[in-house]
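Enquirer: Handing over data.txt, compact mmCIF, C-alpha atoms.
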```txt
# COMPACT_ATOMS: atom_id res chain seq x y z
CA MET A 1 -26.12 10.50 75.36
CA ASN A 2 -29.08 8.26 74.72
CA VAL A 3 -29.83 8.44 70.99
CA LEU A 4 -32.92 7.05 69.27
CA TRP A 5 -32.48 6.53 65.52
CA ILE A 6 -35.73 6.37 63.55
CA PHE A 7 -35.14 4.86 60.11
CA ALA A 8 -37.77 4.86 57.37
CA HIS A 9 -36.45 3.16 54.23
CA PRO A 10 -37.71 -0.15 52.81
CA GLU A 11 -34.31 -1.30 51.52
CA PRO A 12 -31.51 -1.85 54.08
CA ARG A 13 -28.96 -2.18 51.26
CA SER A 14 -29.77 1.29 49.95
CA LEU A 15 -27.70 4.44 50.32
CA GLY A 16 -29.92 5.33 53.26
CA GLY A 17 -29.25 1.96 54.86
CA ALA A 18 -25.50 2.37 54.44
CA LEU A 19 -25.61 5.84 56.00
CA ARG A 20 -27.71 4.49 58.88
CA ASP A 21 -25.11 1.79 59.53
CA GLU A 22 -22.32 4.39 59.48
CA GLY A 23 -24.28 6.60 61.84
CA LEU A 24 -25.04 3.89 64.39
CA ALA A 25 -21.43 2.69 64.36
CA THR A 26 -20.19 6.25 64.87
CA LEU A 27 -22.49 6.88 67.81
CA ARG A 28 -21.46 3.66 69.51
CA SER A 29 -17.78 4.40 68.94
CA LEU A 30 -18.32 7.72 70.70
CA GLY A 31 -19.75 5.93 73.73
CA HIS A 32 -23.41 6.85 73.23
CA ASP A 33 -26.22 4.42 74.02
CA VAL A 34 -28.29 3.81 70.91
CA ARG A 35 -31.72 2.39 70.22
CA GLU A 36 -33.30 2.07 66.79
CA SER A 37 -36.77 2.07 65.32
CA ASP A 38 -36.37 0.58 61.83
CA LEU A 39 -39.97 1.08 60.76
CA TYR A 40 -40.04 -1.22 57.73
CA ALA A 41 -38.13 -3.99 59.53
CA MET A 42 -40.55 -3.65 62.45
CA GLY A 43 -43.55 -3.90 60.14
CA TRP A 44 -44.80 -0.69 61.70
CA ASN A 45 -48.54 -0.15 61.36
CA PRO A 46 -49.05 3.47 60.20
CA VAL A 47 -52.85 3.46 60.55
CA VAL A 48 -54.35 5.38 63.47
CA GLU A 49 -56.59 3.27 65.69
CA GLN A 50 -59.69 4.28 67.59
CA VAL A 51 -59.07 7.42 69.60
CA GLY A 52 -58.56 6.74 73.31
CA THR A 53 -56.56 3.53 72.98
CA THR A 54 -52.78 3.29 73.33
CA PRO A 55 -51.54 0.05 71.76
CA ALA A 56 -48.43 -1.66 73.08
CA ASP A 57 -46.33 -0.76 70.02
CA VAL A 58 -47.14 2.94 70.50
CA ARG A 59 -46.29 2.79 74.20
CA ALA A 60 -42.96 1.17 73.31
CA GLU A 61 -42.08 4.04 70.98
CA GLN A 62 -43.10 6.62 73.58
CA ASP A 63 -40.88 4.83 76.09
CA LYS A 64 -37.97 5.10 73.64
CA LEU A 65 -38.63 8.83 73.28
CA ALA A 66 -38.71 9.25 77.06
CA TRP A 67 -35.34 7.45 77.27
CA ALA A 68 -33.69 9.45 74.49
CA ASP A 69 -31.75 12.67 74.82
CA THR A 70 -31.52 13.03 71.04
CA VAL A 71 -33.64 11.66 68.19
CA VAL A 72 -32.31 11.17 64.66
CA VAL A 73 -35.05 10.94 62.01
CA GLN A 74 -33.76 9.50 58.73
CA PHE A 75 -35.75 9.05 55.52
CA PRO A 76 -35.68 9.52 51.75
CA LEU A 77 -37.55 12.54 50.44
CA TRP A 78 -40.57 11.10 48.60
CA TRP A 79 -43.01 13.40 46.81
CA TYR A 80 -41.73 16.39 48.76
CA GLY A 81 -42.31 14.73 52.11
CA THR A 82 -41.72 11.73 54.33
CA PRO A 83 -42.59 8.14 53.44
CA ALA A 84 -46.11 7.24 54.58
CA ILE A 85 -44.80 4.80 57.18
CA LEU A 86 -42.92 7.61 58.92
CA LYS A 87 -45.91 9.95 58.77
CA GLY A 88 -47.91 7.13 60.31
CA TRP A 89 -45.33 6.78 63.08
CA PHE A 90 -45.83 10.41 64.04
CA ASP A 91 -49.62 10.11 63.66
CA ARG A 92 -49.75 7.20 66.08
CA VAL A 93 -46.98 8.13 68.55
CA PHE A 94 -47.43 11.93 68.79
CA VAL A 95 -51.00 11.62 70.02
CA LYS A 96 -53.32 13.98 71.86
CA GLY A 97 -52.30 14.45 75.46
CA TYR A 98 -48.78 13.31 74.68
CA ALA A 99 -47.37 15.56 71.96
CA TYR A 100 -50.28 17.97 71.44
CA ASP A 101 -53.16 19.40 73.44
CA VAL A 102 -50.82 19.52 76.44
CA ARG A 103 -51.33 22.35 78.94
CA GLY A 104 -49.14 23.81 81.64
CA GLU A 105 -50.15 24.58 85.18
CA ASP A 106 -51.14 28.10 84.09
CA GLY A 107 -53.50 26.71 81.45
CA ARG A 108 -51.35 27.71 78.47
CA THR A 109 -51.03 25.26 75.63
CA LEU A 110 -47.49 23.87 75.58
CA ARG A 111 -46.31 23.77 72.00
CA TYR A 112 -43.72 25.31 69.68
CA GLY A 113 -40.74 25.00 71.99
CA GLU A 114 -42.58 23.63 75.02
CA GLY A 115 -44.12 20.26 75.74
CA VAL A 116 -43.33 16.74 76.83
CA LEU A 117 -40.27 16.51 74.57
CA ALA A 118 -38.69 19.82 75.64
CA GLY A 119 -35.00 19.46 76.45
CA LYS A 120 -34.44 16.82 73.78
CA ARG A 121 -32.61 17.38 70.51
CA ALA A 122 -33.63 16.24 67.03
CA LEU A 123 -31.63 15.83 63.82
CA VAL A 124 -33.22 15.15 60.44
CA VAL A 125 -31.12 13.15 57.97
CA VAL A 126 -32.65 13.14 54.50
CA THR A 127 -31.61 11.72 51.13
CA ALA A 128 -32.99 13.40 48.02
CA GLY A 129 -32.80 12.50 44.35
CA GLY A 130 -32.57 16.13 43.24
CA ARG A 131 -29.26 17.90 43.00
CA GLU A 132 -28.55 20.55 45.60
CA PRO A 133 -29.24 23.61 43.37
CA SER A 134 -32.69 22.24 42.48
CA LEU A 135 -33.56 22.25 46.19
CA GLY A 136 -32.17 25.72 46.75
CA PRO A 137 -33.86 29.13 47.02
CA ARG A 138 -34.71 29.31 43.29
CA GLY A 139 -34.67 25.61 42.47
CA VAL A 140 -37.60 23.95 40.74
CA ASN A 141 -38.17 21.60 43.68
CA GLY A 142 -38.44 24.41 46.21
CA PRO A 143 -36.07 25.16 49.10
CA LEU A 144 -35.34 22.11 51.23
CA ASP A 145 -35.76 24.08 54.46
CA GLU A 146 -39.34 24.89 53.43
CA LEU A 147 -40.06 21.29 52.40
CA LEU A 148 -38.91 20.18 55.86
CA PHE A 149 -40.75 22.95 57.71
CA GLY A 150 -43.76 20.81 58.56
CA LEU A 151 -41.58 18.11 60.10
CA GLN A 152 -38.99 20.29 61.79
CA HIS A 153 -41.17 23.16 63.01
CA GLY A 154 -44.69 21.73 62.93
CA THR A 155 -43.90 18.35 64.48
CA LEU A 156 -40.55 18.15 66.28
CA PHE A 157 -40.35 21.74 67.54
CA TYR A 158 -44.11 21.77 68.13
CA ALA A 159 -43.65 18.96 70.65
CA GLY A 160 -40.84 20.88 72.36
CA MET A 161 -37.67 19.51 70.78
CA SER A 162 -34.66 21.61 69.85
CA VAL A 163 -34.17 20.94 66.14
CA LEU A 164 -30.65 20.94 64.72
CA PRO A 165 -29.93 22.03 61.13
CA PRO A 166 -30.74 19.07 58.88
CA LEU A 167 -28.21 16.93 57.09
CA ALA A 168 -29.11 16.41 53.42
CA VAL A 169 -27.51 14.11 50.86
CA TYR A 170 -28.40 15.23 47.34
CA GLY A 171 -28.38 13.27 44.08
CA ALA A 172 -28.94 10.14 46.11
CA ASP A 173 -29.91 7.96 43.14
CA ARG A 174 -26.63 8.63 41.32
CA LEU A 175 -24.11 9.05 44.12
CA SER A 176 -20.61 7.84 43.32
CA GLN A 177 -18.36 5.98 45.76
CA ASP A 178 -16.48 9.22 46.38
CA GLY A 179 -19.81 10.93 46.97
CA PHE A 180 -20.78 8.31 49.52
CA THR A 181 -17.43 8.65 51.28
CA GLU A 182 -17.99 12.39 51.52
CA ALA A 183 -21.57 11.99 52.74
CA ALA A 184 -20.55 9.42 55.37
CA GLU A 185 -17.83 11.71 56.69
CA LEU A 186 -20.25 14.63 56.83
CA LEU A 187 -22.65 12.45 58.84
CA ARG A 188 -19.89 11.41 61.22
CA LYS A 189 -18.92 15.04 61.78
CA ARG A 190 -22.51 16.00 62.55
CA LEU A 191 -22.90 13.13 65.01
CA ARG A 192 -19.73 14.13 66.84
CA THR A 193 -21.27 17.53 67.55
CA LEU A 194 -24.82 16.48 68.45
CA SER A 195 -24.61 18.05 71.89
CA THR A 196 -22.92 21.30 70.83
CA THR A 197 -24.50 22.27 67.49
CA ALA A 198 -26.75 25.32 67.81
CA PRO A 199 -30.38 24.43 67.00
CA LEU A 200 -32.48 26.24 64.43
CA PRO A 201 -33.62 29.49 66.09
CA PHE A 202 -37.36 28.85 65.90
CA ARG A 203 -39.45 31.32 67.87
CA THR A 204 -41.28 29.87 70.86
CA GLN A 205 -45.04 30.34 70.90
CA ASN A 206 -45.18 31.62 74.47
CA GLY A 207 -42.01 33.72 74.42
CA GLY A 208 -43.74 36.99 73.49
CA ASP A 209 -43.11 37.06 69.73
CA TYR A 210 -46.75 36.28 68.83
CA ASP A 211 -49.99 38.09 69.59
CA ARG A 212 -53.13 36.48 71.02
CA ASP A 213 -54.05 35.13 67.59
CA PHE A 214 -50.58 33.53 67.33
CA VAL A 215 -49.55 35.94 64.58
CA LEU A 216 -45.99 37.28 64.61
CA ARG A 217 -45.90 40.79 66.00
CA PRO A 218 -45.51 43.43 63.28
CA GLU A 219 -42.26 44.86 64.64
CA LEU A 220 -40.58 41.47 64.19
CA ALA A 221 -39.28 40.61 60.70
CA PRO A 222 -41.11 43.70 59.31
CA GLY A 223 -42.19 43.47 55.69
CA ARG A 224 -41.55 39.74 55.54
CA ALA A 225 -43.88 36.75 55.48
CA GLY A 226 -43.70 33.03 54.97
CA MET A 227 -42.05 30.22 56.84
CA GLY A 228 -38.75 31.98 57.36
CA VAL A 229 -40.18 34.58 59.74
CA HIS A 230 -40.62 31.92 62.40
CA GLN A 231 -36.87 31.79 62.89
CA CYS A 232 -35.21 34.58 64.87
CA LEU A 233 -32.21 35.20 62.62
CA THR A 234 -31.18 38.54 64.10
CA PRO A 235 -30.68 39.57 67.75
```
Reformat the file's structure so that it appears as structure tokens.
Expert:
Amino acid sequence: MNVLWIFAHPEPRSLGGALRDEGLATLRSLGHDVRESDLYAMGWNPVVEQVGTTPADVRAEQDKLAWADTVVVQFPLWWYGTPAILKGWFDRVFVKGYAYDVRGEDGRTLRYGEGVLAGKRALVVVTAGGREPSLGPRGVNGPLDELLFGLQHGTLFYAGMSVLPPLAVYGADRLSQDGFTEAAELLRKRLRTLSTTAPLPFRTQNGGDYDRDFVLRPELAPGRAGMGVHQCLTP
């Protein structure tokens, strides 16, 4: 496969940097072609320019996306979200007419499972300072799947990508050598199955699950609300 690795961490000698190096080496050992966007090393400008212009650096990133079969997005969880430089990458690269406000031949808006990036896979790799229970269903930090909902559902899936279950490394600021060894092996295992892992079962916008106001039909996930209803977890 062609794999684009987007890395958003200011310190290459960090845990994140070490995992990135392990990941790239694994992909290459498996015979995949790999390109990287190391945003801090690139000095990526996160500020949106005047609407209507497409700078050369943005076109270069869009060309990488067109080339890629799979995109790995790696970052540390900062203040319950992505680093600003990564948010700025999406703001500048996923622009109108490219990743949103795209229409099909029938006039329907192509989003949530459809769009220019349909057919591509995405994997989020995130390091978090909190321990795993604190990012669980009743943890003080909130469930990690909900913290990642905006990125995974509202950005990657919105633009058409099939989003794989994320890989999270917890307690990142106090990880032991044994912990790193375990995390690196988990990453290698996930990368070996990039093409076969079942994606998160997000509901497509135009697949019939939503009414004309884009509200989930009442017979689906009855009595439930919230982010989880946008995954089809039962046949």
Enquirer: With only C-alpha atoms as the basis for distance, which of A:Gly228, A:Gly208, A:Pro46, A:Gly23 is at the shortest distance from A:Ala84?
Expert: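 Selected residue with least distance to A:Ala84: A:Pro46.
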Enquirer: Suppose you want the space between atom CA of A:Glu22 and atom CA of A:Glu185; what is it in Å?
Expert: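 Atom CA of A:Glu185 lies 9.0 Å from atom CA of A:Glu22.
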Enquirer: I want to know what sits within 10 Å of A:Leu200, based on only C-alpha atoms, with residues of the same chain fewer than 6 positions away left out; could you give that as a PyMOL selection string?
Expert: chain A and resi 152-153+157+162-166+231-233
Enquirer: Residues at most 7 Å from A:Ala159, counting all atoms listed in the file, excluding those fewer than 6 positions away in the same chain, as JSON, numbers by chain?
Expert: {"A": [99, 100, 111, 112, 113, 114, 115, 116, 117]}
Enquirer: Choose the residue, out of A:Trp79, A:Phe149, A:Phe94, A:Tyr158, that has the smallest atom-to-atom separation from A:Ala128; count only C-alpha atoms.
Expert: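 Of the candidates, the smallest distance to A:Ala128 is held by A:Trp79.
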Enquirer: Atom CA of A:Arg192 and atom CA of A:Gly31 are how many Å apart?
Expert: 10.7 Å
Enquirer: Nearest residue to A:Asp69 out of A:Arg131, A:Arg103, A:Arg217, A:Arg121, using only C-alpha atoms?
Expert: A:Arg121
Enquirer: Work out how far atom CA of A:Arg92 is from atom CA of A:Gln50, in Å to one decimal.
Expert: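 One can read the atom CA of A:Gln50 to atom CA of A:Arg92 distance as 10.5 Å.
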Enquirer: Which residue, A:Ala118, A:Met1, A:Leu220, A:Val47, has the smallest gap to A:Arg28 when you use only C-alpha atoms?
Expert: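 Closest to A:Arg28 of all the choices is A:Met1.
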Enquirer: Hey, can I get the axis-aligned box for stretch 70-82 of chain A? All listed atoms, 6 Å padding on each side, centre and edge lengths in Å to one decimal, as JSON.
Expert:
```
{"center_x": -37.3, "center_y": 12.7, "center_z": 58.9, "size_x": 23.5, "size_y": 19.3, "size_z": 36.2}
```
Enquirer: Just checking: using all atoms listed in the file, which residue out of A:Val73, A:Ala66, A:Ala168, A:Leu4 ends up closest to A:Pro143?
Expert: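 Under the stated criterion, the closest residue is A:Ala168.
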Enquirer: Check the smallest atom-to-atom distance from each of A:Arg59, A:Arg138, A:Arg224, A:His9 to A:Asp38 using all atoms listed in the file, then report the winner.
Expert: A:His9
